[in-house]
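Below: coords.pdb (PDB, N, CA and C atoms, pLDDT in the B column)
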```pdb
MODEL        1
ATOM      1  N   MET A   1      58.030 129.531 164.189  1.00 80.00           N
ATOM      2  CA  MET A   1      56.798 129.028 163.630  1.00 80.00           C
ATOM      3  C   MET A   1      57.070 128.125 162.428  1.00 80.00           C
ATOM      4  N   ILE A   2      58.033 128.478 161.620  1.00 91.00           N
ATOM      5  CA  ILE A   2      58.352 127.669 160.451  1.00 91.00           C
ATOM      6  C   ILE A   2      58.882 126.304 160.884  1.00 91.00           C
ATOM      7  N   GLY A   3      59.701 126.277 161.936  1.00 90.00           N
ATOM      8  CA  GLY A   3      60.235 125.012 162.431  1.00 90.00           C
ATOM      9  C   GLY A   3      59.148 124.074 162.914  1.00 90.00           C
ATOM     10  N   SER A   4      58.142 124.615 163.588  1.00 91.00           N
ATOM     11  CA  SER A   4      57.054 123.765 164.074  1.00 91.00           C
ATOM     12  C   SER A   4      56.208 123.220 162.920  1.00 91.00           C
ATOM     13  N   ILE A   5      56.059 123.999 161.869  1.00 94.00           N
ATOM     14  CA  ILE A   5      55.341 123.508 160.688  1.00 94.00           C
ATOM     15  C   ILE A   5      56.143 122.398 160.018  1.00 94.00           C
ATOM     16  N   LEU A   6      57.472 122.565 159.962  1.00 92.00           N
ATOM     17  CA  LEU A   6      58.322 121.543 159.360  1.00 92.00           C
ATOM     18  C   LEU A   6      58.309 120.250 160.176  1.00 92.00           C
ATOM     19  N   VAL A   7      58.143 120.345 161.489  1.00 91.00           N
ATOM     20  CA  VAL A   7      58.022 119.141 162.312  1.00 91.00           C
ATOM     21  C   VAL A   7      56.801 118.337 161.886  1.00 91.00           C
ATOM     22  N   VAL A   8      55.710 119.013 161.628  1.00 93.00           N
ATOM     23  CA  VAL A   8      54.460 118.333 161.328  1.00 93.00           C
ATOM     24  C   VAL A   8      54.437 117.785 159.897  1.00 93.00           C
ATOM     25  N   ILE A   9      54.945 118.541 158.933  1.00 94.00           N
ATOM     26  CA  ILE A   9      54.803 118.129 157.535  1.00 94.00           C
ATOM     27  C   ILE A   9      55.935 117.235 157.040  1.00 94.00           C
ATOM     28  N   ASN A  10      57.031 117.131 157.811  1.00 89.00           N
ATOM     29  CA  ASN A  10      58.162 116.330 157.359  1.00 89.00           C
ATOM     30  C   ASN A  10      57.848 114.852 157.469  1.00 89.00           C
ATOM     31  N   LYS A  11      58.119 114.090 156.404  1.00 86.00           N
ATOM     32  CA  LYS A  11      57.810 112.657 156.389  1.00 86.00           C
ATOM     33  C   LYS A  11      58.925 111.815 156.994  1.00 86.00           C
ATOM     34  N   ARG A  12      60.130 112.312 157.034  1.00 86.00           N
ATOM     35  CA  ARG A  12      61.244 111.579 157.640  1.00 86.00           C
ATOM     36  C   ARG A  12      61.299 111.908 159.125  1.00 86.00           C
ATOM     37  N   LEU A  13      61.251 110.863 159.957  1.00 85.00           N
ATOM     38  CA  LEU A  13      61.122 111.062 161.390  1.00 85.00           C
ATOM     39  C   LEU A  13      62.351 111.706 162.018  1.00 85.00           C
ATOM     40  N   VAL A  14      63.529 111.368 161.542  1.00 86.00           N
ATOM     41  CA  VAL A  14      64.747 111.946 162.111  1.00 86.00           C
ATOM     42  C   VAL A  14      64.830 113.437 161.800  1.00 86.00           C
ATOM     43  N   ARG A  15      64.433 113.805 160.603  1.00 90.00           N
ATOM     44  CA  ARG A  15      64.422 115.237 160.261  1.00 90.00           C
ATOM     45  C   ARG A  15      63.365 115.986 161.066  1.00 90.00           C
ATOM     46  N   ALA A  16      62.239 115.349 161.319  1.00 90.00           N
ATOM     47  CA  ALA A  16      61.218 115.970 162.152  1.00 90.00           C
ATOM     48  C   ALA A  16      61.747 116.179 163.573  1.00 90.00           C
ATOM     49  N   ALA A  17      62.511 115.209 164.091  1.00 90.00           N
ATOM     50  CA  ALA A  17      63.118 115.362 165.412  1.00 90.00           C
ATOM     51  C   ALA A  17      64.137 116.501 165.412  1.00 90.00           C
ATOM     52  N   PHE A  18      64.871 116.661 164.314  1.00 91.00           N
ATOM     53  CA  PHE A  18      65.815 117.776 164.201  1.00 91.00           C
ATOM     54  C   PHE A  18      65.077 119.114 164.226  1.00 91.00           C
ATOM     55  N   TRP A  19      63.992 119.214 163.473  1.00 93.00           N
ATOM     56  CA  TRP A  19      63.239 120.468 163.463  1.00 93.00           C
ATOM     57  C   TRP A  19      62.587 120.728 164.813  1.00 93.00           C
ATOM     58  N   LEU A  20      62.207 119.669 165.521  1.00 92.00           N
ATOM     59  CA  LEU A  20      61.692 119.844 166.875  1.00 92.00           C
ATOM     60  C   LEU A  20      62.763 120.422 167.785  1.00 92.00           C
ATOM     61  N   ALA A  21      63.994 119.935 167.661  1.00 93.00           N
ATOM     62  CA  ALA A  21      65.098 120.479 168.457  1.00 93.00           C
ATOM     63  C   ALA A  21      65.339 121.951 168.128  1.00 93.00           C
ATOM     64  N   MET A  22      65.291 122.292 166.850  1.00 94.00           N
ATOM     65  CA  MET A  22      65.490 123.687 166.470  1.00 94.00           C
ATOM     66  C   MET A  22      64.364 124.580 166.999  1.00 94.00           C
ATOM     67  N   THR A  23      63.147 124.073 166.992  1.00 94.00           N
ATOM     68  CA  THR A  23      62.022 124.833 167.526  1.00 94.00           C
ATOM     69  C   THR A  23      62.185 125.057 169.020  1.00 94.00           C
ATOM     70  N   LEU A  24      62.626 124.029 169.736  1.00 93.00           N
ATOM     71  CA  LEU A  24      62.812 124.159 171.181  1.00 93.00           C
ATOM     72  C   LEU A  24      63.970 125.097 171.523  1.00 93.00           C
ATOM     73  N   VAL A  25      65.015 125.097 170.708  1.00 94.00           N
ATOM     74  CA  VAL A  25      66.113 126.053 170.912  1.00 94.00           C
ATOM     75  C   VAL A  25      65.623 127.480 170.679  1.00 94.00           C
ATOM     76  N   THR A  26      64.780 127.665 169.690  1.00 94.00           N
ATOM     77  CA  THR A  26      64.221 128.992 169.414  1.00 94.00           C
ATOM     78  C   THR A  26      63.351 129.478 170.569  1.00 94.00           C
ATOM     79  N   ILE A  27      62.577 128.572 171.146  1.00 94.00           N
ATOM     80  CA  ILE A  27      61.779 128.939 172.322  1.00 94.00           C
ATOM     81  C   ILE A  27      62.692 129.335 173.475  1.00 94.00           C
ATOM     82  N   GLY A  28      63.813 128.611 173.630  1.00 94.00           N
ATOM     83  CA  GLY A  28      64.797 128.980 174.647  1.00 94.00           C
ATOM     84  C   GLY A  28      65.379 130.360 174.404  1.00 94.00           C
ATOM     85  N   ALA A  29      65.618 130.705 173.144  1.00 95.00           N
ATOM     86  CA  ALA A  29      66.135 132.039 172.822  1.00 95.00           C
ATOM     87  C   ALA A  29      65.117 133.124 173.182  1.00 95.00           C
ATOM     88  N   ILE A  30      63.851 132.819 173.012  1.00 96.00           N
ATOM     89  CA  ILE A  30      62.812 133.782 173.396  1.00 96.00           C
ATOM     90  C   ILE A  30      62.828 133.993 174.902  1.00 96.00           C
ATOM     91  N   TYR A  31      63.024 132.908 175.667  1.00 95.00           N
ATOM     92  CA  TYR A  31      63.144 133.052 177.127  1.00 95.00           C
ATOM     93  C   TYR A  31      64.343 133.910 177.492  1.00 95.00           C
ATOM     94  N   LEU A  32      65.429 133.756 176.756  1.00 95.00           N
ATOM     95  CA  LEU A  32      66.611 134.564 177.031  1.00 95.00           C
ATOM     96  C   LEU A  32      66.347 136.037 176.732  1.00 95.00           C
ATOM     97  N   LEU A  33      65.568 136.319 175.700  1.00 97.00           N
ATOM     98  CA  LEU A  33      65.213 137.706 175.404  1.00 97.00           C
ATOM     99  C   LEU A  33      64.353 138.318 176.509  1.00 97.00           C
ATOM    100  N   PHE A  34      63.575 137.466 177.192  1.00 96.00           N
ATOM    101  CA  PHE A  34      62.757 137.930 178.315  1.00 96.00           C
ATOM    102  C   PHE A  34      63.540 138.005 179.614  1.00 96.00           C
ATOM    103  N   LEU A  35      64.866 137.776 179.534  1.00 95.00           N
ATOM    104  CA  LEU A  35      65.773 137.810 180.681  1.00 95.00           C
ATOM    105  C   LEU A  35      65.435 136.754 181.731  1.00 95.00           C
ATOM    106  N   SER A  36      64.985 135.602 181.282  1.00 94.00           N
ATOM    107  CA  SER A  36      64.719 134.468 182.166  1.00 94.00           C
ATOM    108  C   SER A  36      65.808 133.422 181.925  1.00 94.00           C
ATOM    109  N   GLU A  37      66.977 133.669 182.528  1.00 95.00           N
ATOM    110  CA  GLU A  37      68.125 132.816 182.252  1.00 95.00           C
ATOM    111  C   GLU A  37      67.926 131.391 182.741  1.00 95.00           C
ATOM    112  N   PHE A  38      67.292 131.232 183.907  1.00 95.00           N
ATOM    113  CA  PHE A  38      67.100 129.885 184.444  1.00 95.00           C
ATOM    114  C   PHE A  38      66.155 129.070 183.564  1.00 95.00           C
ATOM    115  N   VAL A  39      65.056 129.682 183.135  1.00 95.00           N
ATOM    116  CA  VAL A  39      64.116 128.972 182.269  1.00 95.00           C
ATOM    117  C   VAL A  39      64.772 128.663 180.925  1.00 95.00           C
ATOM    118  N   PHE A  40      65.592 129.584 180.428  1.00 95.00           N
ATOM    119  CA  PHE A  40      66.354 129.346 179.204  1.00 95.00           C
ATOM    120  C   PHE A  40      67.266 128.134 179.351  1.00 95.00           C
ATOM    121  N   LEU A  41      67.973 128.051 180.466  1.00 94.00           N
ATOM    122  CA  LEU A  41      68.886 126.944 180.694  1.00 94.00           C
ATOM    123  C   LEU A  41      68.146 125.612 180.777  1.00 94.00           C
ATOM    124  N   ILE A  42      67.030 125.595 181.482  1.00 94.00           N
ATOM    125  CA  ILE A  42      66.229 124.379 181.579  1.00 94.00           C
ATOM    126  C   ILE A  42      65.675 123.998 180.204  1.00 94.00           C
ATOM    127  N   GLN A  43      65.224 124.975 179.451  1.00 93.00           N
ATOM    128  CA  GLN A  43      64.675 124.723 178.109  1.00 93.00           C
ATOM    129  C   GLN A  43      65.724 124.079 177.207  1.00 93.00           C
ATOM    130  N   ILE A  44      66.933 124.606 177.237  1.00 93.00           N
ATOM    131  CA  ILE A  44      67.987 124.089 176.371  1.00 93.00           C
ATOM    132  C   ILE A  44      68.449 122.712 176.829  1.00 93.00           C
ATOM    133  N   LEU A  45      68.693 122.557 178.128  1.00 92.00           N
ATOM    134  CA  LEU A  45      69.232 121.284 178.619  1.00 92.00           C
ATOM    135  C   LEU A  45      68.208 120.158 178.581  1.00 92.00           C
ATOM    136  N   VAL A  46      67.017 120.417 179.097  1.00 91.00           N
ATOM    137  CA  VAL A  46      66.030 119.346 179.230  1.00 91.00           C
ATOM    138  C   VAL A  46      65.268 119.145 177.935  1.00 91.00           C
ATOM    139  N   TYR A  47      64.635 120.188 177.454  1.00 90.00           N
ATOM    140  CA  TYR A  47      63.743 120.020 176.311  1.00 90.00           C
ATOM    141  C   TYR A  47      64.502 119.919 175.001  1.00 90.00           C
ATOM    142  N   ALA A  48      65.358 120.877 174.700  1.00 89.00           N
ATOM    143  CA  ALA A  48      66.055 120.853 173.410  1.00 89.00           C
ATOM    144  C   ALA A  48      67.148 119.791 173.379  1.00 89.00           C
ATOM    145  N   GLY A  49      67.642 119.391 174.538  1.00 89.00           N
ATOM    146  CA  GLY A  49      68.693 118.383 174.570  1.00 89.00           C
ATOM    147  C   GLY A  49      68.178 116.967 174.678  1.00 89.00           C
ATOM    148  N   ALA A  50      67.266 116.742 175.603  1.00 91.00           N
ATOM    149  CA  ALA A  50      66.872 115.368 175.919  1.00 91.00           C
ATOM    150  C   ALA A  50      65.696 114.861 175.084  1.00 91.00           C
ATOM    151  N   VAL A  51      64.705 115.675 174.852  1.00 90.00           N
ATOM    152  CA  VAL A  51      63.491 115.201 174.179  1.00 90.00           C
ATOM    153  C   VAL A  51      63.774 114.725 172.754  1.00 90.00           C
ATOM    154  N   PRO A  52      64.474 115.488 171.901  1.00 89.00           N
ATOM    155  CA  PRO A  52      64.756 114.958 170.552  1.00 89.00           C
ATOM    156  C   PRO A  52      65.654 113.723 170.573  1.00 89.00           C
ATOM    157  N   VAL A  53      66.568 113.648 171.532  1.00 90.00           N
ATOM    158  CA  VAL A  53      67.418 112.461 171.638  1.00 90.00           C
ATOM    159  C   VAL A  53      66.573 111.243 171.991  1.00 90.00           C
ATOM    160  N   LEU A  54      65.614 111.398 172.891  1.00 91.00           N
ATOM    161  CA  LEU A  54      64.717 110.295 173.226  1.00 91.00           C
ATOM    162  C   LEU A  54      63.861 109.898 172.032  1.00 91.00           C
ATOM    163  N   PHE A  55      63.399 110.860 171.269  1.00 89.00           N
ATOM    164  CA  PHE A  55      62.619 110.548 170.067  1.00 89.00           C
ATOM    165  C   PHE A  55      63.447 109.743 169.073  1.00 89.00           C
ATOM    166  N   VAL A  56      64.667 110.182 168.802  1.00 87.00           N
ATOM    167  CA  VAL A  56      65.525 109.484 167.842  1.00 87.00           C
ATOM    168  C   VAL A  56      65.872 108.094 168.365  1.00 87.00           C
ATOM    169  N   PHE A  57      66.118 107.968 169.670  1.00 89.00           N
ATOM    170  CA  PHE A  57      66.401 106.671 170.258  1.00 89.00           C
ATOM    171  C   PHE A  57      65.200 105.740 170.104  1.00 89.00           C
ATOM    172  N   GLY A  58      64.015 106.251 170.350  1.00 87.00           N
ATOM    173  CA  GLY A  58      62.807 105.452 170.166  1.00 87.00           C
ATOM    174  C   GLY A  58      62.592 105.070 168.722  1.00 87.00           C
ATOM    175  N   ILE A  59      62.883 105.961 167.795  1.00 84.00           N
ATOM    176  CA  ILE A  59      62.761 105.664 166.371  1.00 84.00           C
ATOM    177  C   ILE A  59      63.737 104.558 165.988  1.00 84.00           C
ATOM    178  N   MET A  60      64.966 104.639 166.502  1.00 84.00           N
ATOM    179  CA  MET A  60      65.953 103.629 166.168  1.00 84.00           C
ATOM    180  C   MET A  60      65.558 102.263 166.730  1.00 84.00           C
ATOM    181  N   LEU A  61      64.971 102.219 167.904  1.00 84.00           N
ATOM    182  CA  LEU A  61      64.575 100.942 168.490  1.00 84.00           C
ATOM    183  C   LEU A  61      63.382 100.323 167.764  1.00 84.00           C
ATOM    184  N   THR A  62      62.404 101.130 167.402  1.00 83.00           N
ATOM    185  CA  THR A  62      61.210 100.589 166.773  1.00 83.00           C
ATOM    186  C   THR A  62      61.389 100.374 165.275  1.00 83.00           C
ATOM    187  N   ARG A  63      62.284 101.082 164.653  1.00 69.00           N
ATOM    188  CA  ARG A  63      62.488 100.965 163.209  1.00 69.00           C
ATOM    189  C   ARG A  63      62.986  99.572 162.848  1.00 69.00           C
ATOM    190  N   ARG A  64      63.826  98.977 163.672  1.00 65.00           N
ATOM    191  CA  ARG A  64      64.347  97.643 163.386  1.00 65.00           C
ATOM    192  C   ARG A  64      63.214  96.621 163.402  1.00 65.00           C
ATOM    193  N   LYS A  65      62.294  96.741 164.340  1.00 60.00           N
ATOM    194  CA  LYS A  65      61.177  95.813 164.411  1.00 60.00           C
ATOM    195  C   LYS A  65      60.284  95.964 163.178  1.00 60.00           C
ATOM    196  N   ILE A  66      60.056  97.177 162.726  1.00 58.00           N
ATOM    197  CA  ILE A  66      59.244  97.404 161.534  1.00 58.00           C
ATOM    198  C   ILE A  66      59.918  96.784 160.320  1.00 58.00           C
ATOM    199  N   MET A  67      61.236  96.940 160.199  1.00 55.00           N
ATOM    200  CA  MET A  67      61.966  96.379 159.064  1.00 55.00           C
ATOM    201  C   MET A  67      61.963  94.852 159.119  1.00 55.00           C
ATOM    202  N   ASP A  68      62.089  94.274 160.317  1.00 62.00           N
ATOM    203  CA  ASP A  68      62.069  92.817 160.441  1.00 62.00           C
ATOM    204  C   ASP A  68      60.712  92.247 160.053  1.00 62.00           C
ATOM    205  N   GLU A  69      59.639  92.913 160.424  1.00 62.00           N
ATOM    206  CA  GLU A  69      58.297  92.446 160.077  1.00 62.00           C
ATOM    207  C   GLU A  69      58.057  92.552 158.574  1.00 62.00           C
ATOM    208  N   ALA A  70      58.606  93.566 157.937  1.00 58.00           N
ATOM    209  CA  ALA A  70      58.433  93.738 156.492  1.00 58.00           C
ATOM    210  C   ALA A  70      59.204  92.689 155.708  1.00 58.00           C
ATOM    211  N   ALA A  71      60.274  92.153 156.272  1.00 60.00           N
ATOM    212  CA  ALA A  71      61.124  91.187 155.559  1.00 60.00           C
ATOM    213  C   ALA A  71      60.550  89.761 155.617  1.00 60.00           C
ATOM    214  N   GLU A  72      59.612  89.494 156.525  1.00 64.00           N
ATOM    215  CA  GLU A  72      59.051  88.152 156.631  1.00 64.00           C
ATOM    216  C   GLU A  72      58.161  87.852 155.420  1.00 64.00           C
ATOM    217  N   PRO A  73      58.206  86.607 154.925  1.00 63.00           N
ATOM    218  CA  PRO A  73      57.353  86.250 153.784  1.00 63.00           C
ATOM    219  C   PRO A  73      55.875  86.176 154.195  1.00 63.00           C
ATOM    220  N   GLU A  74      55.010  86.486 153.273  1.00 64.00           N
ATOM    221  CA  GLU A  74      53.577  86.519 153.535  1.00 64.00           C
ATOM    222  C   GLU A  74      52.976  85.136 153.721  1.00 64.00           C
ATOM    223  N   GLY A  75      53.447  84.139 152.955  1.00 60.00           N
ATOM    224  CA  GLY A  75      52.890  82.782 153.012  1.00 60.00           C
ATOM    225  C   GLY A  75      53.093  82.134 154.361  1.00 60.00           C
ATOM    226  N   GLY A  76      54.269  82.299 154.937  1.00 54.00           N
ATOM    227  CA  GLY A  76      54.590  81.767 156.251  1.00 54.00           C
ATOM    228  C   GLY A  76      54.469  80.249 156.332  1.00 54.00           C
ATOM    229  N   THR A  77      55.537  79.605 156.751  1.00 56.00           N
ATOM    230  CA  THR A  77      55.492  78.148 156.921  1.00 56.00           C
ATOM    231  C   THR A  77      55.804  77.759 158.323  1.00 56.00           C
TER
ENDMDL
END
```
Could you express the structure from this file as structure tokens?
Amino acid sequence: MIGSILVVINKRLVRAAFWLAMTLVTIGAIYLLFLSEFVFLIQILVYAGAVPVLFVFGIMLTRRKIMDEAAEPEGGT
């Protein structure tokens, strides 16, 4: 629960993606406690592995465009 709150309140996007990964790993651990090994494996591989990586990749791609737009002068010629 604390990890999910940190995802929402964190202002740095990469740290929010990290806390999302930790939250998804914790959910996977809960599945393992319920003796659902297959669901645990899918949770760790697909959700905890791929989703935060896609978020960080998307942040890296869009962050450059935001920085380029901020560097342009306002007057424009």
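Within 6 Å of segment 45-55 of chain A there are A:Ala17, A:Ala21, A:Leu24, A:Val25, A:Ile42, A:Gln43, A:Phe57, A:Gly58, counting only C-alpha atoms and ignoring same-chain residues fewer than 2 positions away.
Atom pair atom CA of Asn10 of chain A / atom CA of Val39 of chain A: separated by 28.6 Å.
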Next on the checklist: Between A:Met1, A:Leu6, A:Leu32, A:Met60, which residue has the minimum interatomic distance to Leu20 of chain A, considering all atoms listed in the file?
Outcome noted: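 Going through A:Met1, A:Leu6, A:Leu32, A:Met60 one by one, the smallest distance to Leu20 of chain A is for A:Leu6.
You will find atom CA of Gly28 of chain A at 17.2 Å from atom CA of Val7 of chain A.
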Checklist entry - Interatomic distance between atom CA of Phe40 of chain A and atom CA of Ile2 of chain A? => result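 That distance, rounded to one decimal, is 20.5 Å.
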Item to check | Test item, alpha helix (DSSP H) assignment across chain A, answer as a PyMOL selection string | outcome: chain A and resi 2-9+13-33+37-42+51-71
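Nearest residue to Val56 of chain A among A:Ser4, A:Glu37, A:Lys11, A:Phe18 is A:Phe18, counting all atoms listed in the file.
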